[in-house]
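Peer 1: Following this message is one structure expressed as structure tokens.
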Amino acid sequence: MPPSRLLPTLLVLAAALPAATPSAPPASAAPPAARYEAGPRTRDGIGKYYFGREISQVMGHLGAGWLERAEREEEERTDLLLEALRLRPGDVVADFGAGSGYFTWRIAQRVGPAGRVHAVEVQPLMLELLQANLTRRGLADRVLPVLGTASDPKLPEGALDLILLVDVYHELEFPFEVTAALARALKPGGRLVLVEYRGEDPEVPIKPLHKMTVAQVRRELAVHPLEFVENLGVLPRQHLLVFRRPAAPR
Ligand SMILES: C[S@@+](CC[C@H](N)C(=O)[O-])C[C@H]1O[C@@H](n2cnc3c(N)ncnc32)[C@H](O)[C@@H]1O
């Protein structure tokens, strides 16, 4: 049989063979198709479900004005959020889903000239706004703008002290792949911080798909090599959930 006809035959045979390992693979090793389900597409969602949760649509670049609104600090106490991160000069941080850079430049100020901020976005227009924001404040040299893809944050492995996602996780199209990559990008002992509007609280004036409950976040992150550390209850409307990549054993 010529090689061109042999290959498809071998592929079919390989697919029909039982798996080499007798036990079921861990959840984190399940094929991507099994992780997500298609379902009814509601007004703010994409009709793709993960752990029973419909993934929200991404906020477009036209939402940048809302992210930069003057009353944001007072409404969301973003000053308390930044304080709670306990950033130190020289820290290497990723602002993942950085938007127009609201948090990026504030983090860049705190990590100082010896620190670095990787600002990851999937929308090139958001990165343009972010770049202008940083240049205006003279902080561009501390920030590495990164154009990621929906499933790949394009971050270096084992390099980050902290990764911050503010109002981002609920709109990740590939939450499993992205979280796995973020866990790999942390240094051992590095922190992954998720800020999400409280899904348990009907008083929080945000659309349901843009909120998350603690139980849901913890269920979704439990399949990754991350430890839950704490939910810092310092914000008026949002959870501030801290996870950590376990420190390397001595
Ligand atoms: C609601 S905005 C929040 C922006 C910023 N964190 C803030 O609080 O000002 C969410 C951002 O996440 C970005 N985003 C969504 N999925 C992403 C992904 N897979 N990788 C990088 N950015 C993503 C969107 O483009 C959007 O700009």
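Just so we're on the same page: first chain in the structure tokens is A, next is B, and so on; residues restart at 1 for each chain, and ligands are numbered from 1 in the order they show up.
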Just list as a ChimeraX atom specification whatever in segment 30-72 of chain A DSSP marks as strand (DSSP E).
Peer 2: /A:36-38,45-50,53-56
Peer 1: Can you check which residues of segment 90-219 of chain A DSSP gives as helix (DSSP H, G or I) on the backbone and send them as a ChimeraX atom specification?
Peer 2: /A:102-111,124-136,140-142,169-171,175-185,208-210,214-219
Peer 1: Kindly work out which residues sit at most 7 Å from ligand 1, using only C-alpha atoms and all ligand atoms, and give the list as a ChimeraX atom specification.
Peer 2: /A:58-61,67,96-103,120-123,126,148-153,165-168,171-174,178
Peer 1: Quick one: of A:Tyr36, A:Tyr169, A:Phe228, A:Phe176, who's nearest to Tyr50 of chain A, counting only C-alpha atoms?
Peer 2: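 The shortest atom-to-atom distance to Tyr50 of chain A comes from A:Tyr36.
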Peer 1: Determine the nearest neighbour of Thr179 of chain A from the options A:Pro113, A:Pro225, A:Pro202, A:Pro89, counting only C-alpha atoms.
Peer 2: A:Pro225
Peer 1: In Å to one decimal, how far is atom CA of Ala64 of chain A from atom CA of Leu139 of chain A?
Peer 2: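 Atom CA of Ala64 of chain A lies at a distance of 19.5 Å from atom CA of Leu139 of chain A.
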